[in-house]
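What's in entry-v3.txt: compact mmCIF, C-alpha atoms and all ligand atoms
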```txt
# COMPACT_ATOMS: atom_id res chain seq x y z
CA MET M 1341 0.00 0.00 0.00
CA ARG M 1342 1.24 3.47 -0.93
CA VAL M 1343 -0.37 6.34 1.01
CA GLY M 1344 0.00 10.01 0.11
CA ILE M 1345 -0.28 12.83 2.63
CA SER M 1346 -0.61 16.57 2.06
CA THR M 1347 -1.12 19.58 4.34
CA GLY M 1348 -3.30 22.38 2.94
CA GLY M 1349 -4.40 25.86 3.99
CA GLY M 1350 -2.69 27.87 6.70
CA ASP M 1351 0.01 26.20 8.77
CA CYS M 1352 -1.00 25.11 12.25
CA PRO M 1353 0.87 23.82 15.32
CA GLY M 1354 0.42 20.04 15.45
CA LEU M 1355 0.66 19.34 11.69
CA ASN M 1356 4.04 17.68 12.12
CA ALA M 1357 2.65 15.50 14.92
CA VAL M 1358 0.02 14.22 12.46
CA ILE M 1359 2.60 13.50 9.76
CA ARG M 1360 4.93 11.74 12.21
CA ALA M 1361 2.14 9.60 13.70
CA ALA M 1362 0.78 8.63 10.27
CA VAL M 1363 4.25 7.63 9.06
CA HIS M 1364 5.10 5.57 12.14
CA THR M 1365 1.75 3.79 12.12
CA ALA M 1366 1.73 3.13 8.37
CA VAL M 1367 5.33 1.97 8.16
CA SER M 1368 5.85 0.20 11.49
CA SER M 1369 2.41 -1.33 12.02
CA HIS M 1370 1.49 -2.09 8.40
CA GLY M 1371 4.71 -2.06 6.39
CA TRP M 1372 3.30 0.52 3.95
CA GLU M 1373 5.04 3.32 2.13
CA VAL M 1374 4.14 6.98 2.79
CA VAL M 1375 4.65 9.71 0.21
CA GLY M 1376 4.56 13.35 1.30
CA ILE M 1377 3.12 15.78 -1.26
CA GLU M 1378 4.85 19.14 -0.87
CA ASP M 1379 3.18 22.58 -0.90
CA GLY M 1380 -0.38 21.35 -0.52
CA LEU M 1381 -2.02 20.03 -3.65
CA GLN M 1382 0.24 22.18 -5.79
CA GLY M 1383 2.66 19.32 -5.25
CA LEU M 1384 0.38 17.16 -7.39
CA LEU M 1385 0.31 19.72 -10.17
CA GLN M 1386 4.05 20.06 -10.49
CA PRO M 1387 6.79 17.48 -10.87
CA ARG M 1388 9.48 16.95 -8.21
CA LYS M 1389 7.25 17.81 -5.25
CA LEU M 1390 7.20 14.41 -3.61
CA VAL M 1391 9.14 13.21 -0.59
CA SER M 1392 9.42 9.67 0.71
CA LEU M 1393 8.50 9.72 4.40
CA SER M 1394 10.26 7.12 6.53
CA PRO M 1395 10.40 7.04 10.36
CA ALA M 1396 13.96 8.39 10.05
CA ARG M 1397 12.73 11.32 7.91
CA VAL M 1398 10.15 12.36 10.54
CA ARG M 1399 12.52 12.03 13.50
CA GLY M 1400 12.61 15.18 15.64
CA ILE M 1401 9.61 16.93 14.05
CA LEU M 1402 7.11 16.46 16.91
CA PRO M 1403 7.94 19.76 18.68
CA LEU M 1404 8.22 21.76 15.45
CA GLY M 1405 5.61 24.29 14.38
CA GLY M 1406 4.59 24.69 10.73
CA THR M 1407 4.63 21.67 8.43
CA ILE M 1408 7.63 19.88 6.94
CA LEU M 1409 5.55 19.37 3.79
CA GLY M 1410 4.84 23.04 3.19
CA SER M 1411 1.38 24.41 2.62
CA THR M 1412 -0.49 26.81 0.43
CA ASN M 1413 -3.79 28.63 0.26
CA ARG M 1414 -3.72 28.74 -3.56
CA GLY M 1415 -4.00 25.07 -4.30
CA ASN M 1416 -7.69 24.31 -4.91
CA PRO M 1417 -7.37 22.12 -8.03
CA PHE M 1418 -11.10 22.41 -8.78
CA SER M 1419 -10.76 26.17 -9.33
CA TYR M 1420 -7.08 26.78 -9.77
CA PRO M 1421 -6.00 30.30 -10.75
CA VAL M 1422 -4.44 29.88 -14.22
CA GLU M 1423 -2.90 32.87 -15.98
CA GLN M 1424 -4.11 33.28 -19.57
CA PRO M 1425 -1.98 34.54 -22.52
CA ASP M 1426 -3.66 37.97 -22.20
CA GLY M 1427 -2.57 38.23 -18.57
CA SER M 1428 -6.01 37.63 -17.07
CA VAL M 1429 -6.42 34.91 -14.44
CA VAL M 1430 -9.17 32.30 -14.82
CA ALA M 1431 -10.25 29.75 -12.19
CA THR M 1432 -9.79 26.37 -13.93
CA ASP M 1433 -10.66 22.76 -12.98
CA LEU M 1434 -7.33 20.93 -12.88
CA SER M 1435 -8.63 17.92 -10.96
CA PRO M 1436 -8.27 15.51 -13.95
CA ARG M 1437 -4.54 16.39 -14.01
CA VAL M 1438 -4.27 15.67 -10.29
CA MET M 1439 -6.04 12.32 -10.69
CA ASP M 1440 -3.64 11.36 -13.51
CA ARG M 1441 -0.64 12.27 -11.37
CA ILE M 1442 -1.97 10.26 -8.42
CA ARG M 1443 -2.31 7.25 -10.75
CA ASP M 1444 1.22 7.80 -12.11
CA ILE M 1445 2.69 7.97 -8.61
CA GLY M 1446 0.78 4.81 -7.72
CA LEU M 1447 -0.98 6.16 -4.62
CA ASP M 1448 -3.63 3.80 -3.22
CA ALA M 1449 -5.02 6.35 -0.76
CA MET M 1450 -4.60 10.02 0.19
CA LEU M 1451 -4.68 11.72 3.59
CA PHE M 1452 -5.79 15.34 3.33
CA VAL M 1453 -4.82 17.39 6.38
CA GLY M 1454 -6.50 20.80 6.39
CA GLY M 1455 -9.42 23.06 7.27
CA ASP M 1456 -12.88 23.20 5.75
CA GLY M 1457 -11.54 24.18 2.30
CA THR M 1458 -9.17 21.21 2.22
CA GLN M 1459 -11.89 18.83 3.44
CA ALA M 1460 -14.18 20.06 0.64
CA ILE M 1461 -11.36 19.30 -1.84
CA ALA M 1462 -10.98 15.82 -0.28
CA GLN M 1463 -14.71 15.24 -0.80
CA GLY M 1464 -14.37 16.42 -4.42
CA PHE M 1465 -11.68 13.80 -5.07
CA ARG M 1466 -13.71 11.15 -3.27
CA GLU M 1467 -16.52 11.83 -5.76
CA ARG M 1468 -14.01 11.23 -8.57
CA GLY M 1469 -13.17 7.83 -7.13
CA LEU M 1470 -10.10 8.50 -5.00
CA ASP M 1471 -9.79 6.71 -1.63
CA VAL M 1472 -9.43 9.63 0.78
CA VAL M 1473 -9.32 10.28 4.52
CA GLY M 1474 -9.57 13.81 5.95
CA ILE M 1475 -7.79 15.12 9.03
CA PRO M 1476 -9.14 18.45 10.33
CA LYS M 1477 -6.87 21.33 11.29
CA THR M 1478 -7.46 24.95 12.09
CA ILE M 1479 -6.40 27.24 14.90
CA ASP M 1480 -9.90 28.74 14.65
CA ASN M 1481 -11.56 25.54 16.01
CA ASP M 1482 -14.60 26.31 13.88
CA LEU M 1483 -15.34 22.91 12.28
CA ASP M 1484 -18.67 21.65 13.53
CA ALA M 1485 -17.89 17.95 13.05
CA THR M 1486 -15.24 17.88 15.78
CA ASP M 1487 -15.07 19.27 19.30
CA TYR M 1488 -11.45 20.34 18.82
CA THR M 1489 -8.92 20.84 16.05
CA PHE M 1490 -5.21 20.83 16.84
CA GLY M 1491 -3.59 24.27 16.73
CA PHE M 1492 -6.40 25.91 18.67
CA ASP M 1493 -4.94 25.18 22.09
CA THR M 1494 -1.55 26.58 21.08
CA ALA M 1495 -3.11 29.73 19.61
CA VAL M 1496 -5.21 30.31 22.73
CA ASN M 1497 -2.19 29.90 25.00
CA ILE M 1498 -0.20 32.40 22.94
CA ALA M 1499 -3.07 34.91 23.01
CA MET M 1500 -3.56 34.36 26.74
CA GLU M 1501 0.12 35.01 27.39
CA ALA M 1502 -0.07 38.18 25.28
CA LEU M 1503 -2.98 39.35 27.46
CA ASP M 1504 -1.01 38.61 30.63
CA ARG M 1505 1.80 40.79 29.30
CA LEU M 1506 -0.55 43.56 28.17
CA HIS M 1507 -2.18 43.45 31.61
CA THR M 1508 0.93 44.64 33.45
CA THR M 1509 1.72 47.38 30.97
CA ALA M 1510 -1.95 48.52 30.89
CA GLU M 1511 -2.02 48.69 34.67
CA SER M 1512 1.27 50.60 34.88
CA HIS M 1513 0.10 53.27 32.42
CA ASP M 1514 -3.64 53.42 33.18
CA ARG M 1515 -4.30 52.48 29.57
CA VAL M 1516 -6.90 50.72 27.49
CA MET M 1517 -5.17 47.90 25.59
CA VAL M 1518 -6.91 46.32 22.59
CA LEU M 1519 -5.62 42.92 21.45
CA GLU M 1520 -6.67 41.65 18.01
CA VAL M 1521 -6.64 37.87 17.60
CA MET M 1522 -7.49 35.60 14.66
CA GLY M 1523 -10.99 34.31 14.04
CA ARG M 1524 -12.81 35.37 10.89
CA ASP M 1525 -16.20 33.75 11.31
CA ALA M 1526 -15.95 32.31 14.81
CA GLY M 1527 -14.60 33.93 17.96
CA TRP M 1528 -13.31 30.85 19.80
CA ILE M 1529 -9.74 32.14 20.21
CA ALA M 1530 -10.97 35.53 21.46
CA LEU M 1531 -13.45 33.94 23.85
CA HIS M 1532 -11.11 31.36 25.38
CA ALA M 1533 -8.06 33.65 25.55
CA GLY M 1534 -10.16 36.54 26.85
CA MET M 1535 -11.72 34.47 29.62
CA ALA M 1536 -8.42 32.82 30.59
CA GLY M 1537 -6.50 36.10 30.36
CA GLY M 1538 -8.92 38.21 32.41
CA ALA M 1539 -10.16 40.50 29.63
CA ASP M 1540 -12.79 43.11 30.49
CA VAL M 1541 -14.35 43.24 27.02
CA ILE M 1542 -14.44 40.46 24.38
CA LEU M 1543 -15.70 41.31 20.89
CA LEU M 1544 -16.73 38.38 18.69
CA PRO M 1545 -17.91 37.91 15.10
CA GLU M 1546 -21.04 36.30 16.57
CA ILE M 1547 -22.06 39.34 18.67
CA PRO M 1548 -22.13 42.72 16.85
CA TYR M 1549 -20.77 45.33 19.22
CA HIS M 1550 -21.90 48.84 20.17
CA LEU M 1551 -19.21 51.41 20.86
CA ASP M 1552 -21.29 52.90 23.69
CA ALA M 1553 -21.32 49.55 25.49
CA VAL M 1554 -17.53 49.24 25.24
CA LEU M 1555 -17.10 52.82 26.49
CA GLY M 1556 -19.61 52.10 29.25
CA LYS M 1557 -17.59 49.14 30.52
CA ILE M 1558 -14.34 51.14 30.52
CA ALA M 1559 -16.07 54.03 32.35
CA ALA M 1560 -17.62 51.70 34.92
CA ARG M 1561 -14.20 50.25 35.73
CA ARG M 1562 -12.80 53.76 36.11
CA ARG M 1563 -15.65 54.73 38.46
CA SER M 1564 -14.81 51.74 40.62
CA GLY M 1565 -11.16 52.87 40.81
CA THR M 1566 -9.60 50.69 38.07
CA ASN M 1567 -8.04 52.93 35.49
CA PHE M 1568 -7.09 50.37 32.87
CA SER M 1569 -9.01 47.92 30.69
CA LEU M 1570 -8.19 44.97 28.46
CA VAL M 1571 -10.19 44.44 25.29
CA VAL M 1572 -9.86 41.35 23.08
CA ILE M 1573 -11.28 41.65 19.58
CA ALA M 1574 -11.53 38.85 17.01
CA GLU M 1575 -10.44 39.96 13.53
CA GLY M 1576 -13.94 39.19 12.24
CA ALA M 1577 -15.81 41.20 14.90
CA ALA M 1578 -17.86 44.09 13.55
CA PRO M 1579 -19.82 46.99 15.03
CA ALA M 1580 -23.61 46.61 14.91
CA ASP M 1581 -23.74 49.53 12.46
CA GLY M 1582 -20.76 48.52 10.29
CA ASP M 1583 -18.93 45.78 8.40
CA VAL M 1584 -15.96 43.55 9.18
CA ALA M 1585 -12.55 45.16 8.59
CA LEU M 1586 -10.92 43.65 5.51
CA ALA M 1587 -7.24 43.77 4.51
CA GLU M 1588 -6.28 45.03 1.07
CA GLY M 1589 -4.99 42.91 -1.77
CA ALA M 1590 -6.45 39.37 -1.48
CA ARG M 1591 -6.10 37.60 -4.85
CA ILE M 1592 -8.20 35.12 -6.82
CA GLY M 1593 -8.17 31.66 -5.25
CA GLN M 1594 -7.37 33.06 -1.81
CA ALA M 1595 -9.71 33.48 1.10
CA ARG M 1596 -10.71 37.01 2.11
CA ARG M 1597 -8.11 38.45 4.46
CA TYR M 1598 -9.22 40.30 7.52
CA GLY M 1599 -7.33 43.11 9.19
CA GLY M 1600 -7.82 46.41 10.99
CA ALA M 1601 -10.50 45.52 13.56
CA ALA M 1602 -8.37 46.64 16.54
CA GLU M 1603 -7.11 49.81 14.84
CA ARG M 1604 -10.64 50.80 13.90
CA LEU M 1605 -11.85 50.27 17.45
CA VAL M 1606 -8.94 52.26 18.87
CA GLU M 1607 -9.77 55.17 16.55
CA GLN M 1608 -13.43 55.03 17.55
CA LEU M 1609 -12.50 54.99 21.25
CA ARG M 1610 -10.14 57.95 20.79
CA GLU M 1611 -12.79 59.94 18.91
CA ALA M 1612 -15.14 59.23 21.80
CA GLY M 1613 -12.67 60.72 24.30
CA GLU M 1614 -10.54 57.78 25.45
CA GLU M 1615 -7.05 59.21 25.04
CA ASP M 1616 -4.68 56.52 26.14
CA VAL M 1617 -5.63 53.54 23.98
CA ARG M 1618 -3.26 51.16 22.16
CA ALA M 1619 -3.77 48.34 19.67
CA THR M 1620 -1.73 45.12 19.46
CA VAL M 1621 -2.29 42.76 16.52
CA LEU M 1622 -1.08 39.28 17.37
CA GLY M 1623 -1.30 37.99 13.79
CA HIS M 1624 0.67 34.93 12.74
CA ILE M 1625 2.49 34.69 16.07
CA GLN M 1626 -0.64 32.72 17.06
CA ARG M 1627 0.14 30.08 14.43
CA GLY M 1628 3.90 29.86 14.76
CA GLY M 1629 6.20 27.91 17.00
CA THR M 1630 6.02 24.79 19.07
CA PRO M 1631 2.65 23.10 19.73
CA THR M 1632 1.28 22.60 23.25
CA HIS M 1633 0.99 19.15 24.82
CA PHE M 1634 -2.71 19.08 23.88
CA ASP M 1635 -2.06 19.78 20.20
CA ARG M 1636 0.77 17.23 19.96
CA MET M 1637 -1.49 14.60 21.51
CA LEU M 1638 -4.46 15.46 19.30
CA GLY M 1639 -2.31 15.53 16.14
CA THR M 1640 -0.75 12.19 17.07
CA ARG M 1641 -4.11 10.55 17.78
CA PHE M 1642 -5.61 11.94 14.54
CA GLY M 1643 -2.66 10.58 12.52
CA VAL M 1644 -2.94 7.12 14.09
CA HIS M 1645 -6.72 6.99 13.55
CA ALA M 1646 -6.44 8.13 9.93
CA ILE M 1647 -4.11 5.24 9.09
CA GLY M 1648 -6.50 2.91 10.97
CA LEU M 1649 -9.29 4.03 8.62
CA VAL M 1650 -7.11 3.29 5.59
CA ALA M 1651 -6.32 -0.17 7.01
CA GLU M 1652 -10.03 -0.88 7.46
CA GLY M 1653 -10.85 0.44 3.98
CA ARG M 1654 -13.17 3.07 5.50
CA PHE M 1655 -12.66 5.94 3.07
CA GLY M 1656 -14.52 9.23 2.66
CA ARG M 1657 -14.25 9.81 6.41
CA MET M 1658 -12.77 12.67 8.43
CA VAL M 1659 -11.27 11.92 11.83
CA ASN M 1660 -12.65 13.87 14.78
CA ILE M 1661 -12.80 14.03 18.57
CA ARG M 1662 -15.96 14.04 20.65
CA GLY M 1663 -15.34 14.54 24.33
CA THR M 1664 -12.13 12.58 24.83
CA THR M 1665 -12.86 9.94 22.18
CA ILE M 1666 -11.27 9.91 18.72
CA GLY M 1667 -13.69 8.85 15.98
CA ASP M 1668 -14.67 9.81 12.44
CA VAL M 1669 -17.52 11.24 10.40
CA ASP M 1670 -18.54 11.24 6.76
CA LEU M 1671 -16.65 13.97 4.90
CA ARG M 1672 -19.95 15.41 3.65
CA GLU M 1673 -21.00 15.99 7.25
CA ALA M 1674 -17.61 17.49 8.03
CA ILE M 1675 -17.83 20.25 5.44
CA GLY M 1676 -21.46 21.16 6.12
CA GLU M 1677 -21.43 23.58 9.03
CA LEU M 1678 -19.18 26.04 10.76
CA LYS M 1679 -19.10 25.85 14.55
CA ARG M 1680 -19.68 29.31 15.96
CA VAL M 1681 -19.85 30.69 19.48
CA ASP M 1682 -23.41 30.54 20.82
CA PRO M 1683 -24.20 34.01 22.22
CA ASP M 1684 -26.74 32.36 24.55
CA GLY M 1685 -24.54 29.41 25.46
CA GLN M 1686 -22.81 28.37 28.69
CA LEU M 1687 -19.40 29.87 27.89
CA VAL M 1688 -20.69 33.36 27.12
CA ALA M 1689 -22.94 33.18 30.20
CA ALA M 1690 -19.97 32.21 32.39
CA ALA M 1691 -17.94 35.07 30.94
CA ARG M 1692 -20.74 37.53 31.69
CA SER M 1693 -20.90 36.18 35.28
CA VAL M 1694 -17.29 37.15 35.85
CA GLY M 1695 -17.95 40.66 34.59
CA ILE M 1696 -16.87 40.43 30.96
CA SER M 1697 -18.75 42.66 28.50
CA PHE M 1698 -19.41 41.56 24.92
CA GLY M 1699 -20.13 45.13 23.86
CA ASP M 1700 -23.80 44.36 23.38
CA GLY M 1701 -25.47 46.12 26.25
O1 LIG S 1 -7.96 29.88 9.29
C1 LIG S 1 -6.80 30.10 9.98
C2 LIG S 1 -6.37 31.54 9.93
O2 LIG S 1 -5.25 31.67 10.75
C3 LIG S 1 -7.45 32.56 10.30
O3 LIG S 1 -7.65 32.66 11.69
C4 LIG S 1 -6.92 33.81 9.66
O4 LIG S 1 -7.95 34.71 9.36
C5 LIG S 1 -6.31 33.29 8.40
O5 LIG S 1 -6.00 31.93 8.61
C6 LIG S 1 -5.10 34.05 7.97
O6 LIG S 1 -4.72 33.57 6.72
P1 LIG S 1 -3.31 33.93 6.03
O7 LIG S 1 -2.26 33.17 6.75
O8 LIG S 1 -3.50 33.47 4.63
O9 LIG S 1 -3.13 35.41 6.17
```

As structure tokens, what does this structure read like?
Ligand code: F6P
Amino acid sequence: MRVGISTGGGDCPGLNAVIRAAVHTAVSSHGWEVVGIEDGLQGLLQPRKLVSLSPARVRGILPLGGTILGSTNRGNPFSYPVEQPDGSVVATDLSPRVMDRIRDIGLDAMLFVGGDGTQAIAQGFRERGLDVVGIPKTIDNDLDATDYTFGFDTAVNIAMEALDRLHTTAESHDRVMVLEVMGRDAGWIALHAGMAGGADVILLPEIPYHLDAVLGKIAARRRSGTNFSLVVIAEGAAPADGDVALAEGARIGQARRYGGAAERLVEQLREAGEEDVRATVLGHIQRGGTPTHFDRMLGTRFGVHAIGLVAEGRFGRMVNIRGTTIGDVDLREAIGELKRVDPDGQLVAAARSVGISFGDG
């Protein structure tokens, strides 16, 4: 058996744990061969992008961030951006080319490690007859078919530590500190980091905010003798009377890029009379560096389970975790729904109980 593995979409702490676990299980337990496809599925569109993955090749990668296979956001073969002779770029279906290459390489099955976009691509290839298994990854933790994705825990810990550091500087200078974290459609990182890091205000994509409510919280703290405040804002959070803040320059084939939510809020707060306000944008620091224990464990368990599915011939599945149990779901179920923060759920209620404002009243 020859199994291919690729990592798609944004990098994510824990990807190397998945690769390592899949290689060890496939080679040591089953005697199979594992082929790494480099640079996401672009590696199947170009020659010389394959790497033979032996246990020796994956030695030492468990604590490493990123992915040894490389990744890309531009690799959707079903609508690949192809430059035309006149310079225009047209989204083109290159999946037949990918299927030919997979046949040429002699792959019996493919593991697709990635977020919702990559899982949708996996499902597309399944419909064309390829034996596929999906492994979910995203620091955003917004896939509905699994309780957790690896990368999330690391990102939350980094954001929490940033808040701890902003806390002491905010307190020393009697300042309002605004921390922008990732999370386009779902505010899980903001919510978890904000609660764990003692934020006073958390602004989420799921709860449109009102500037007056944010100002009210800051003023109430000042009245009670606390002259600083910590605000966490998800990049996809928007005011009730406005839109999300988008970055300039996203290209065809790429997801929309968000940016500017914290800066916009800081400007609004200043215009409303808050003078000493600062923005910090955490950005890709949340995705870089060594994974936490939780993410290494989850990545390892996902990799082992994925190879188990291949061994049982159970294709078209995506591995997941429910509670503490690793399992799997049909890929079609996996790509159906985003998991978003429930504004009326337990977590938000607990946050409100400890005095956190969501800028909504
Ligand atoms: O989906 C993961 C994620 O990190 C989002 O939280 C963020 O909006 C996006 O990727 C950033 O993408 P890029 O690395 O392409 O700028």

Inset, instruction - Find the residues near ligand LIG 1 (chain S). Use a cut-off of 6 Å, count all atoms listed in the file, and write them as an NGL selection string. - result: :M and (1350 or 1478-1480 or 1522-1524)

Inset, instruction - In Å, rounded to a single decimal, give me how far atom CA of Pro1545 of chain M is from atom CA of Arg1692 of chain M. - result: 16.8 Å

Inset, instruction - Could you give me, as a ChimeraX atom specification, the residues within 9 Å of Gly1457 of chain M, counting all atoms listed in the file and dropping anything in the same chain fewer than 2 positions from it? - result: /M:1348-1349,1416,1454-1455,1459-1462,1675

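Counting from atom CA of Leu1544 of chain M, the distance to atom CA of Ala1577 of chain M is 4.8 Å.
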
Go through segment 1588-1682 of chain M residue by residue and, counting all atoms listed in the file, keep those with an atom at most 9 Å from segment 1362-1372 of chain M; for each kept residue give the shortest atom pair and its distance in Å to one decimal, ordered by chain and increasing number, as a Markdown table.
```
| residue | atom | partner | partner_atom | distance |
| --- | --- | --- | --- | --- |
| M:Thr1640 | CA | M:Ala1362 | CA | 7.8 |
| M:Phe1642 | CA | M:Ala1362 | CA | 8.4 |
| M:Gly1643 | CA | M:Ala1362 | CA | 4.5 |
| M:Val1644 | CA | M:Ala1362 | CA | 5.5 |
| M:His1645 | CA | M:Ala1362 | CA | 8.3 |
| M:Ala1646 | CA | M:Ala1362 | CA | 7.2 |
| M:Ile1647 | CA | M:Ala1362 | CA | 6.1 |
| M:Gly1648 | CA | M:Thr1365 | CA | 8.4 |
| M:Ala1651 | CA | M:His1370 | CA | 8.2 |
```

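Note that atom CA of Arg1662 of chain M and atom CA of Gly1405 of chain M are 24.7 Å apart.
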
Legend entry - Residues within 7 Å of Ala1431 of chain M, all atoms listed in the file, excluding chain neighbours under 6 positions, as a list in words: Ser1419, Tyr1420, Pro1421 and Val1422 of chain M

Legend entry - Nearest-residue call for Gly1491 of chain M, choices M:Gly1344, M:Pro1425, M:Gly1629, M:Gly1676, using only C-alpha atoms: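 Residue with the minimum atom-to-atom distance to Gly1491 of chain M: M:Gly1629.
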
Could the centre and edge lengths of an axis-aligned box, enclosing all atoms of segment 1680-1686 of chain M in the file with 3 Å extra on each side, be given in Å to one decimal as JSON?
```
{"center_x": -23.2, "center_y": 31.2, "center_z": 22.3, "size_x": 13.1, "size_y": 11.6, "size_z": 18.7}
```

Inset, instruction - Would you mind telling me which residue in M:Val1391, M:Met1637, M:Val1621, M:Val1694 lies nearest to Ala1502 of chain M when using all atoms listed in the file? - result: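 With all atoms listed in the file as the atom set, the closest residue is M:Val1621.
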
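Closest approach to Asp1670 of chain M among M:Gly1474, M:Gly1537, M:Pro1683, M:Gly1639 is made by M:Gly1474 (distances from all atoms listed in the file).
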
Test item: which residues lie within 10 Å of (-21.2, 46.1, 24.4) counting all atoms listed in the file, as a PDB file with C-alpha atoms, in the frame of the given file:
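Dumped everything to point_14.pdb:
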```
ATOM      1  CA  VAL M1541     -14.350  43.240  27.020  1.00  0.00           C
ATOM      2  CA  ILE M1542     -14.440  40.460  24.380  1.00  0.00           C
ATOM      3  CA  LEU M1543     -15.700  41.310  20.890  1.00  0.00           C
ATOM      4  CA  ILE M1547     -22.060  39.340  18.670  1.00  0.00           C
ATOM      5  CA  PRO M1548     -22.130  42.720  16.850  1.00  0.00           C
ATOM      6  CA  TYR M1549     -20.770  45.330  19.220  1.00  0.00           C
ATOM      7  CA  HIS M1550     -21.900  48.840  20.170  1.00  0.00           C
ATOM      8  CA  LEU M1551     -19.210  51.410  20.860  1.00  0.00           C
ATOM      9  CA  ASP M1552     -21.290  52.900  23.690  1.00  0.00           C
ATOM     10  CA  ALA M1553     -21.320  49.550  25.490  1.00  0.00           C
ATOM     11  CA  VAL M1554     -17.530  49.240  25.240  1.00  0.00           C
ATOM     12  CA  LEU M1555     -17.100  52.820  26.490  1.00  0.00           C
ATOM     13  CA  GLY M1556     -19.610  52.100  29.250  1.00  0.00           C
ATOM     14  CA  LYS M1557     -17.590  49.140  30.520  1.00  0.00           C
ATOM     15  CA  PRO M1579     -19.820  46.990  15.030  1.00  0.00           C
ATOM     16  CA  ALA M1580     -23.610  46.610  14.910  1.00  0.00           C
ATOM     17  CA  ILE M1696     -16.870  40.430  30.960  1.00  0.00           C
ATOM     18  CA  SER M1697     -18.750  42.660  28.500  1.00  0.00           C
ATOM     19  CA  PHE M1698     -19.410  41.560  24.920  1.00  0.00           C
ATOM     20  CA  GLY M1699     -20.130  45.130  23.860  1.00  0.00           C
ATOM     21  CA  ASP M1700     -23.800  44.360  23.380  1.00  0.00           C
ATOM     22  CA  GLY M1701     -25.470  46.120  26.250  1.00  0.00           C
TER      23      GLY M1701
END
```

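Minimum atom-to-atom distance to Phe1452 of chain M, evaluated using all atoms listed in the file, belongs to M:Leu1671 out of M:Ala1530, M:Ile1573, M:Leu1671, M:Met1500.
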
Legend entry - Test item: which residues lie within 10 Å of (0.1, 27.6, 25.2) counting only C-alpha atoms, as a ChimeraX atom specification: /M:1491-1501,1626,1630-1635

Legend entry - Distance criterion (all atoms listed in the file): nearest to Val1584 of chain M out of M:Gln1382, M:Leu1483, M:Arg1596, M:Gly1628: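 The closest residue to Val1584 of chain M is M:Arg1596.
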
Inset, instruction - Just the residues within 10 Å of Ala1526 of chain M, please, counting only C-alpha atoms, with nothing from its chain fewer than 5 positions along; format it as a PyMOL selection string. - result: chain M and resi 1480-1483+1531+1544-1546+1574-1577+1678-1682

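Remark: for Phe1465 of chain M, the closest of the candidate residues M:Gly1582, M:Gly1656, M:Gln1608, M:Ser1693 is M:Gly1656 (distances computed over only C-alpha atoms).
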
Inset, instruction - Skip Ala1357 of chain M itself and residues of its chain fewer than 3 positions away, then list as a ChimeraX atom specification all residues within 7 Å of it, counting only C-alpha atoms. - result: /M:1354,1360-1361,1402,1636,1639-1640
